[in-house]
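Listing of model.txt, compact mmCIF, C-alpha atoms
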```
# COMPACT_ATOMS: atom_id res chain seq x y z
CA MET A 20 0.00 0.00 0.00
CA ARG A 21 1.50 3.32 -1.11
CA ILE A 22 0.38 6.34 0.88
CA MET A 23 1.63 9.88 0.47
CA ILE A 24 1.25 12.33 3.37
CA SER A 25 1.44 16.08 2.80
CA ALA A 26 1.29 18.71 5.54
CA GLY A 27 2.92 21.90 6.68
CA GLY A 28 2.47 25.49 7.74
CA THR A 29 2.23 24.96 11.49
CA GLY A 30 2.41 22.16 14.02
CA GLY A 31 -1.40 22.07 13.84
CA GLY A 32 -1.09 20.51 10.40
CA VAL A 33 2.05 18.42 10.89
CA TYR A 34 1.36 16.77 14.26
CA PRO A 35 -1.93 15.15 13.15
CA ALA A 36 -0.18 13.92 10.00
CA LEU A 37 2.56 12.33 12.12
CA ALA A 38 0.01 10.71 14.45
CA VAL A 39 -1.81 9.15 11.49
CA SER A 40 1.49 8.04 9.98
CA ASP A 41 2.38 6.33 13.26
CA ALA A 42 -1.00 4.57 13.30
CA LEU A 43 -0.48 3.41 9.71
CA ARG A 44 2.88 1.88 10.65
CA ARG A 45 1.28 0.02 13.57
CA LEU A 46 -1.82 -1.18 11.70
CA PHE A 47 -0.08 -2.12 8.46
CA PRO A 48 3.45 -3.18 9.41
CA ASN A 49 3.98 -5.54 6.47
CA ASP A 50 2.46 -3.71 3.52
CA LEU A 51 3.14 0.01 3.59
CA ASN A 52 5.22 2.47 1.65
CA LEU A 53 4.88 5.83 3.38
CA THR A 54 6.24 9.09 2.01
CA PHE A 55 5.99 12.64 3.33
CA VAL A 56 5.86 15.79 1.20
CA GLY A 57 6.46 19.21 2.72
CA ALA A 58 6.93 22.69 1.32
CA ARG A 59 10.40 23.99 0.52
CA GLY A 60 11.71 25.86 3.57
CA ASP A 61 8.78 24.84 5.80
CA MET A 62 9.05 23.88 9.47
CA ALA A 63 7.64 20.42 8.67
CA ARG A 64 11.14 19.11 7.92
CA ASP A 65 12.30 19.58 11.53
CA LEU A 66 9.15 18.09 13.05
CA VAL A 67 9.33 15.04 10.79
CA ALA A 68 13.04 14.59 11.56
CA ARG A 69 12.37 14.71 15.32
CA SER A 70 9.50 12.24 15.18
CA ASP A 71 9.81 8.49 15.71
CA VAL A 72 7.82 7.71 12.57
CA ARG A 73 9.74 5.97 9.79
CA PHE A 74 9.07 7.33 6.30
CA ASP A 75 10.28 5.67 3.13
CA GLY A 76 11.02 9.08 1.69
CA TYR A 77 10.83 12.77 2.49
CA HIS A 78 10.34 15.25 -0.35
CA GLU A 79 9.78 18.97 -0.73
CA VAL A 80 8.02 21.03 -3.39
CA PHE A 81 7.50 24.75 -3.82
CA ALA A 82 4.30 26.28 -2.40
CA GLY A 83 3.12 29.52 -0.87
CA PRO A 84 0.09 31.27 0.69
CA LEU A 85 -2.33 33.28 -1.41
CA HIS A 86 -5.01 34.54 0.99
CA GLY A 87 -4.68 37.93 2.67
CA LEU A 88 -1.37 38.95 1.09
CA PRO A 89 -0.34 41.98 -1.01
CA ARG A 90 -0.53 41.41 -4.77
CA ARG A 91 3.24 41.21 -5.16
CA GLN A 92 3.47 38.38 -2.63
CA GLN A 93 0.47 36.67 -4.17
CA ALA A 94 2.21 36.76 -7.54
CA LEU A 95 5.33 35.23 -6.00
CA SER A 96 3.28 32.52 -4.29
CA SER A 97 1.44 31.81 -7.53
CA ALA A 98 4.75 31.27 -9.31
CA LYS A 99 5.89 28.96 -6.52
CA ILE A 100 2.66 26.98 -6.73
CA MET A 101 2.98 26.57 -10.50
CA LEU A 102 6.51 25.26 -10.04
CA GLY A 103 5.27 23.11 -7.16
CA VAL A 104 2.58 21.56 -9.37
CA ALA A 105 5.22 20.52 -11.89
CA GLN A 106 7.36 19.05 -9.10
CA SER A 107 4.32 17.30 -7.58
CA LEU A 108 3.31 15.82 -10.92
CA ALA A 109 6.77 14.35 -11.40
CA LEU A 110 6.84 13.05 -7.83
CA ALA A 111 3.37 11.49 -7.90
CA ALA A 112 3.97 9.96 -11.35
CA ARG A 113 7.17 8.34 -10.06
CA LEU A 114 5.89 7.15 -6.65
CA ARG A 115 2.32 6.28 -7.78
CA PRO A 116 0.56 6.78 -4.41
CA GLN A 117 -2.69 4.91 -3.99
CA VAL A 118 -3.98 7.77 -1.85
CA LEU A 119 -2.81 11.27 -0.94
CA PHE A 120 -3.55 12.44 2.62
CA LEU A 121 -3.65 16.19 3.36
CA THR A 122 -3.94 17.83 6.79
CA GLY A 123 -3.19 21.50 6.11
CA GLY A 124 -0.60 23.93 4.83
CA TRP A 125 -0.32 25.47 1.38
CA VAL A 126 1.79 22.54 0.19
CA GLY A 127 -1.54 20.78 -0.22
CA VAL A 128 -2.44 22.94 -3.23
CA PRO A 129 0.22 21.69 -5.70
CA MET A 130 0.03 18.15 -4.31
CA ALA A 131 -3.76 17.99 -4.63
CA LEU A 132 -3.72 19.42 -8.16
CA ALA A 133 -1.09 16.93 -9.24
CA CYS A 134 -2.85 13.89 -7.77
CA TRP A 135 -6.21 15.06 -9.14
CA LEU A 136 -4.71 15.35 -12.61
CA LEU A 137 -3.21 11.86 -12.25
CA ARG A 138 -6.52 10.48 -10.92
CA ARG A 139 -5.03 9.54 -7.56
CA PRO A 140 -7.64 9.60 -4.74
CA ILE A 141 -7.29 12.31 -2.11
CA VAL A 142 -8.37 12.23 1.54
CA ILE A 143 -8.19 15.35 3.69
CA TYR A 144 -8.39 15.78 7.44
CA VAL A 145 -10.00 18.90 8.93
CA PRO A 146 -8.60 19.50 12.45
CA ASP A 147 -10.66 22.62 13.27
CA ILE A 148 -14.41 22.50 13.28
CA GLU A 149 -14.53 25.01 10.42
CA PRO A 150 -12.04 24.20 7.65
CA GLY A 151 -9.51 26.77 6.53
CA LEU A 152 -9.55 28.08 2.98
CA MET A 153 -7.17 25.48 1.59
CA LEU A 154 -8.94 22.50 3.17
CA LYS A 155 -12.35 23.90 2.32
CA THR A 156 -11.34 24.18 -1.35
CA MET A 157 -9.57 20.82 -1.45
CA GLY A 158 -12.50 19.10 0.21
CA ARG A 159 -15.10 20.69 -2.03
CA TYR A 160 -13.41 19.99 -5.37
CA PHE A 161 -10.77 17.28 -4.99
CA ALA A 162 -11.28 15.01 -1.97
CA ARG A 163 -12.65 11.49 -2.22
CA ALA A 164 -13.34 11.58 1.54
CA ILE A 165 -13.09 14.16 4.33
CA ALA A 166 -12.09 13.10 7.84
CA ALA A 167 -13.20 15.50 10.57
CA THR A 168 -12.57 15.89 14.30
CA VAL A 169 -16.30 16.36 14.95
CA ALA A 170 -19.46 15.85 12.93
CA ASP A 171 -20.25 19.60 12.91
CA THR A 172 -17.65 20.07 10.15
CA ALA A 173 -20.06 18.57 7.59
CA GLN A 174 -22.05 21.82 7.50
CA PHE A 175 -19.14 23.55 5.73
CA TYR A 176 -19.22 21.17 2.74
CA PRO A 177 -21.86 20.32 0.13
CA PRO A 178 -24.32 17.63 1.28
CA ALA A 179 -23.02 15.19 -1.31
CA LYS A 180 -19.47 15.21 0.11
CA ARG A 181 -18.42 12.27 2.26
CA VAL A 182 -17.53 13.76 5.67
CA ILE A 183 -16.60 11.18 8.32
CA GLU A 184 -16.28 11.99 12.02
CA THR A 185 -13.03 10.28 13.05
CA GLY A 186 -11.89 12.22 16.11
CA TYR A 187 -8.60 14.08 16.40
CA PRO A 188 -5.42 12.01 15.81
CA LEU A 189 -3.63 12.30 19.15
CA ARG A 190 0.07 11.62 19.49
CA ARG A 191 0.70 8.32 21.27
CA GLU A 192 2.97 9.86 23.89
CA LEU A 193 0.02 11.84 25.26
CA LEU A 194 -1.96 8.71 26.03
CA SER A 195 0.33 7.36 28.74
CA VAL A 196 0.91 10.45 30.94
CA SER A 197 -0.36 10.29 34.53
CA ARG A 198 -1.08 13.28 36.77
CA GLN A 199 1.07 12.03 39.66
CA ASP A 200 4.09 11.38 37.43
CA ALA A 201 3.65 14.73 35.69
CA ILE A 202 3.56 16.69 38.96
CA GLN A 203 6.71 14.94 40.10
CA ALA A 204 8.53 15.38 36.78
CA LEU A 205 7.75 19.11 36.66
CA GLY A 206 8.73 19.68 40.31
CA LEU A 207 5.29 21.01 41.28
CA ASP A 208 3.70 21.16 44.73
CA PRO A 209 0.98 18.47 44.87
CA ASP A 210 -0.92 20.45 47.51
CA ARG A 211 -1.40 23.53 45.30
CA LYS A 212 -3.73 23.90 42.35
CA THR A 213 -1.88 24.41 39.08
CA LEU A 214 -2.74 27.00 36.45
CA LEU A 215 -1.22 26.27 33.05
CA VAL A 216 -0.61 29.18 30.68
CA PHE A 217 0.10 28.03 27.15
CA GLY A 218 0.42 30.28 24.13
CA GLY A 219 1.39 27.57 21.65
CA SER A 220 4.75 27.00 19.98
CA ARG A 221 4.95 30.60 18.77
CA GLY A 222 3.61 32.13 21.95
CA SER A 223 0.93 34.75 22.54
CA ARG A 224 2.05 38.22 23.62
CA SER A 225 -1.41 39.25 24.84
CA ILE A 226 -1.84 36.16 27.02
CA ASN A 227 1.74 36.36 28.29
CA ALA A 228 1.39 40.05 29.19
CA ALA A 229 -2.00 39.65 30.86
CA MET A 230 -0.68 36.83 33.02
CA PHE A 231 1.99 38.94 34.64
CA GLY A 232 -0.62 41.52 35.53
CA ALA A 233 -2.42 38.84 37.52
CA ALA A 234 0.56 36.78 38.71
CA SER A 235 1.09 38.26 42.18
CA THR A 236 -2.58 37.97 43.11
CA LEU A 237 -2.92 34.40 41.84
CA VAL A 238 0.22 33.17 43.61
CA GLY A 239 -0.98 34.98 46.73
CA ASP A 240 -4.26 33.06 46.42
CA GLY A 241 -2.27 29.82 46.81
CA LEU A 242 -1.92 28.82 43.16
CA GLN A 243 1.16 27.65 41.33
CA ILE A 244 1.62 28.70 37.72
CA LEU A 245 3.20 26.75 34.90
CA HIS A 246 3.80 29.15 32.02
CA ILE A 247 4.98 28.00 28.59
CA SER A 248 5.77 31.19 26.73
CA GLY A 249 6.60 30.01 23.24
CA ARG A 250 10.09 30.65 21.89
CA ARG A 251 9.25 33.92 20.14
CA ASP A 252 8.16 35.54 23.43
CA TRP A 253 10.74 33.97 25.73
CA ASP A 254 12.83 37.10 26.34
CA PHE A 255 9.74 39.12 27.25
CA VAL A 256 8.42 36.46 29.65
CA ARG A 257 11.80 35.95 31.26
CA ALA A 258 12.15 39.71 31.86
CA GLN A 259 8.66 39.94 33.38
CA HIS A 260 9.28 36.90 35.55
CA ALA A 261 12.47 38.45 36.93
CA GLN A 262 10.41 41.36 38.31
CA LEU A 263 8.43 39.06 40.61
CA SER A 264 9.53 38.56 44.20
CA ASP A 265 11.56 35.52 45.18
CA ALA A 266 8.53 34.06 46.96
CA GLU A 267 6.35 34.55 43.88
CA ARG A 268 8.91 33.06 41.50
CA ALA A 269 9.09 29.95 43.70
CA HIS A 270 5.53 29.12 42.61
CA TYR A 271 5.68 30.52 39.08
CA ARG A 272 7.65 28.31 36.70
CA ILE A 273 8.40 29.45 33.15
CA PHE A 274 9.50 27.53 30.06
CA ASP A 275 9.92 28.56 26.46
CA PHE A 276 9.03 25.03 25.33
CA LEU A 277 8.20 21.68 26.93
CA PRO A 278 9.06 18.58 24.85
CA ASN A 279 6.44 16.53 26.69
CA ILE A 280 3.51 18.92 26.71
CA GLY A 281 1.32 16.10 27.99
CA GLN A 282 2.96 16.43 31.41
CA ALA A 283 1.77 20.04 31.63
CA PHE A 284 -1.78 19.07 30.61
CA ALA A 285 -1.88 16.19 33.11
CA ALA A 286 -0.59 18.31 36.01
CA ALA A 287 -2.87 21.31 35.45
CA ASP A 288 -6.23 22.06 37.06
CA LEU A 289 -7.04 24.83 34.57
CA VAL A 290 -5.42 26.02 31.33
CA ILE A 291 -5.40 29.40 29.61
CA SER A 292 -4.58 29.17 25.91
CA ARG A 293 -5.53 29.96 22.35
CA ALA A 294 -8.18 27.74 20.75
CA GLY A 295 -6.34 25.83 18.06
CA ALA A 296 -7.67 22.53 16.79
CA ALA A 297 -5.68 20.43 19.25
CA THR A 298 -7.65 21.90 22.16
CA LEU A 299 -10.70 19.98 20.89
CA ALA A 300 -8.96 16.70 21.78
CA GLU A 301 -5.99 17.25 24.07
CA TYR A 302 -7.89 19.03 26.84
CA PRO A 303 -10.74 16.47 26.87
CA LEU A 304 -8.11 13.70 26.96
CA PHE A 305 -6.92 14.99 30.34
CA GLY A 306 -10.30 16.28 31.55
CA LEU A 307 -8.73 19.75 31.63
CA PRO A 308 -11.03 22.78 32.00
CA ALA A 309 -9.97 25.70 29.83
CA ILE A 310 -10.18 29.45 29.43
CA LEU A 311 -9.82 29.85 25.67
CA VAL A 312 -8.69 33.09 24.07
CA PRO A 313 -9.23 32.83 20.28
CA TYR A 314 -6.50 34.38 18.15
CA PRO A 315 -8.06 37.68 16.99
CA HIS A 316 -6.03 38.39 13.85
CA ALA A 317 -7.29 35.58 11.65
CA TRP A 318 -10.52 34.11 10.38
CA ARG A 319 -12.97 32.71 12.93
CA TYR A 320 -11.65 29.14 13.22
CA GLN A 321 -10.45 29.49 16.80
CA ARG A 322 -13.61 31.27 17.88
CA VAL A 323 -15.69 28.39 16.48
CA ASN A 324 -13.49 25.87 18.34
CA ALA A 325 -13.76 27.83 21.60
CA ASP A 326 -17.52 28.17 21.32
CA TRP A 327 -17.91 24.44 20.62
CA LEU A 328 -16.13 23.54 23.86
CA ALA A 329 -17.83 26.33 25.83
CA GLU A 330 -21.30 25.26 24.69
CA ARG A 331 -20.56 21.81 26.09
CA GLY A 332 -19.44 23.15 29.45
CA ALA A 333 -15.76 22.26 29.08
CA ALA A 334 -14.39 25.77 28.54
CA ILE A 335 -14.94 29.50 28.89
CA ARG A 336 -14.34 31.78 25.92
CA LEU A 337 -12.56 35.03 26.76
CA ASP A 338 -11.93 37.37 23.84
CA ASP A 339 -8.49 38.89 23.42
CA GLU A 340 -9.57 42.50 23.91
CA ARG A 341 -11.04 41.63 27.33
CA LEU A 342 -7.96 39.82 28.64
CA GLN A 343 -6.42 42.59 30.72
CA ASP A 344 -9.65 43.35 32.57
CA GLU A 345 -11.24 39.92 32.86
CA LEU A 346 -8.48 37.31 33.04
CA LEU A 347 -7.90 37.53 36.79
CA PRO A 348 -11.56 37.45 37.89
CA THR A 349 -12.31 34.66 35.41
CA VAL A 350 -9.50 32.47 36.73
CA GLN A 351 -10.53 33.16 40.33
CA SER A 352 -14.20 32.43 39.62
CA VAL A 353 -13.31 28.97 38.29
CA LEU A 354 -10.56 27.86 40.64
CA ASN A 355 -12.34 29.14 43.76
CA ASP A 356 -15.53 27.24 42.90
CA GLU A 357 -14.92 23.52 43.40
CA ALA A 358 -18.33 22.52 42.06
CA ARG A 359 -17.88 24.53 38.87
CA LEU A 360 -14.37 23.18 38.35
CA ALA A 361 -15.62 19.62 38.80
CA GLU A 362 -18.45 20.20 36.33
CA MET A 363 -16.07 21.57 33.71
CA ARG A 364 -13.68 18.67 34.27
CA GLN A 365 -16.52 16.16 33.82
CA ALA A 366 -17.78 17.97 30.71
CA ALA A 367 -14.29 17.85 29.19
CA ARG A 368 -13.90 14.14 29.94
CA ALA A 369 -17.24 13.44 28.27
CA LEU A 370 -15.68 14.63 25.00
CA ARG A 371 -12.62 12.39 25.38
CA ARG A 372 -11.73 10.29 22.35
CA THR A 373 -8.50 8.41 21.66
CA ASP A 374 -9.10 6.55 18.39
CA GLY A 375 -8.76 9.36 15.86
CA ALA A 376 -5.39 8.33 14.38
CA GLU A 377 -6.47 4.72 13.92
CA ASN A 378 -9.82 5.72 12.39
CA ILE A 379 -8.11 7.91 9.80
CA ALA A 380 -5.48 5.24 9.07
CA ARG A 381 -8.24 2.72 8.36
CA LEU A 382 -10.06 5.23 6.17
CA LEU A 383 -6.89 5.75 4.12
CA ALA A 384 -6.47 2.01 3.74
CA GLN A 385 -10.09 1.69 2.64
CA VAL A 386 -9.72 4.39 0.00
CA ALA A 387 -6.48 2.74 -1.15
CA GLY A 388 -8.30 -0.59 -1.47
CA HIS A 389 -6.59 -2.37 1.45
CA GLY A 390 -7.66 -3.90 4.76
CA ALA A 391 -5.87 -4.21 8.09
CA ASP A 392 -3.13 -6.84 8.48
```
How does this structure look as structure tokens?
Amino acid sequence: MRIMISAGGTGGGVYPALAVSDALRRLFPNDLNLTFVGARGDMARDLVARSDVRFDGYHEVFAGPLHGLPRRQQALSSAKIMLGVAQSLALAARLRPQVLFLTGGWVGVPMALACWLLRRPIVIYVPDIEPGLMLKTMGRYFARAIAATVADTAQFYPPAKRVIETGYPLRRELLSVSRQDAIQALGLDPDRKTLLVFGGSRGSRSINAAMFGAASTLVGDGLQILHISGRRDWDFVRAQHAQLSDAERAHYRIFDFLPNIGQAFAAADLVISRAGAATLAEYPLFGLPAILVPYPHAWRYQRVNADWLAERGAAIRLDDERLQDELLPTVQSVLNDEARLAEMRQAARALRRTDGAENIARLLAQVAGHGAD
């Protein structure tokens, strides 16, 4: 079975692709040729290299974004995509994939066009509830099947399209993390509640800044804070942290990045973060209540994700422009109310699902005309 995986742009596209690739290796150990295609110069190369998944080949083609850019950059991206289509055609003609799997990133445009022209079936995965422009277009015009985290995604595609609720493909390392081990590994006080602040791999300046306005009060309330700044904002967070007192810093731990993010999720009692697609699965996995702050400078994907979790009682949506005024009282209202915290924890656990990667792997095999070993 020959499967080609293509993803890029951000970790939100690459990590699900790696989780599905891992599931394919486990489900089909004796009959699988697995290749990965990223965009030239994209961060996918490093993530794939650091993963434990074995690929039979890694390739790169030219691609670039088109939406929301000045005309000059759009023209440059268009030229890259045209070159990328030619590269993708040559690659797909040589490797003859039985199915192409896309999870996000503009690299999907040349790869999808090439495989469509060569009559190779395409399956896409939509991590967010509402698909982004690329996945919406690919799903509408090119995809044989559309895998989705939740069933609500079907409303964004024509009724005739095959949209299958598979769940989010979680990384295997997240499935084996225990709260007790995580607290010990992170050096946290088991007698204090833990507030996790997580701005994603790139960080969030507005969340990071708002947290230090509330830090002294929250630590004084008896909390401990685990703050993952993101590498881009590390210098700012480190400077703000240095201004806290010694006693406050003792219960306020900062990191630019945590390799095992599952430890932070398992140890936390409440998380403050953006509302990327992974929040739909990773927080329910750990029964972790959330205050979600959708990224304001993009289309509404994160707001839709946040509202979906909030409507089910697992999260509170707090808009970015209200952070400075409302973050502190919102955190206090949740962590000081044991009944409310327990209800949110139970609501999150009710959404827990761990079979997403395997479901998508089996769907790919089905489209490729194969069954499980």
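Using all atoms listed in the file, the shortest contact distance between A:Gln259 and any of A:Ile273, A:Ala63, A:Ala325, A:Ile148 is found at A:Ile273.
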Checklist entry - Excluding same-chain residues fewer than 4 positions from A:Val118, what lies within 9 Å of it counting all atoms listed in the file, as a list of chain:residue names? => result A:Met20, A:Arg21, A:Ile22, A:Met23, A:Ile24, A:Cys134, A:Arg139, A:Pro140, A:Ile141, A:Val142, A:Leu383, A:Ala384, A:Val386, A:Ala387
Polymer residues at most 7 Å from A:Ala164, all atoms listed in the file, same-chain spacing of 5 or more positions, as a PDB file with C-alpha atoms, in the coordinates of the input:
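Output contents, as saved in part-v9.pdb:
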```pdb
ATOM      1  CA  VAL A 142      -8.370  12.230   1.540  1.00  0.00           C
ATOM      2  CA  ILE A 143      -8.190  15.350   3.690  1.00  0.00           C
ATOM      3  CA  ARG A 181     -18.420  12.270   2.260  1.00  0.00           C
ATOM      4  CA  VAL A 182     -17.530  13.760   5.670  1.00  0.00           C
TER       5      VAL A 182
END
```
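For the set A:Val72, A:Val80, A:Ala36, A:Val353, the residue with the smallest atom-to-atom gap to A:Tyr187 is A:Ala36, counting all atoms listed in the file.
For the choices A:Val128, A:Ile310, A:Gln262, A:Gly27, the atom-to-atom distance to A:Leu346 is smallest for A:Ile310 when using only C-alpha atoms.
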Checklist outcome for this item: atom CA of A:Arg90 sits from atom CA of A:Met130 at a separation of 23.3 Å
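We find atom CA of A:Arg198 and atom CA of A:Ile280 to be spaced 12.4 Å apart.
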Item to check | Who sits within 10 Å of A:Ala233, all atoms listed in the file, same chain under 5 positions skipped, as a list of chain:residue names | outcome: A:Ala228, A:Val238, A:Gln343, A:Asp344, A:Leu346, A:Leu347, A:Pro348, A:Val350
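Distances from A:Trp253, A:Phe55, A:Phe120, A:Tyr144 to A:Gly31 were compared using all atoms listed in the file, and the smallest one belongs to A:Tyr144.
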Item to check | Close residues, A:Arg372 itself excluded, 12 Å, all atoms listed in the file, min 6 positions apart in chain, as a PyMOL selection string | outcome: chain A and resi 168-169+184-189+194+299-306+378
Next on the checklist: Which residues are near A:Asp326? Cut-off 12 Å, only C-alpha atoms, ignore same chain within fewer than 2 positions. Put them as a VMD selection string.
Outcome noted: chain A and resid 147 to 149 294 to 295 298 to 299 309 to 313 319 to 324 328 to 338
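Going from atom CA of A:Pro315 over to atom CA of A:Leu154, you cover 20.5 Å.
Of the listed residues (A:Met101, A:Leu114, A:Ile291, A:Leu263), A:Leu114 comes nearest to A:Tyr77; the distances count all atoms listed in the file.
Distances from A:Arg359, A:Arg69, A:Arg272, A:Arg138 to A:Leu215 were compared using only C-alpha atoms, and the smallest one belongs to A:Arg272.
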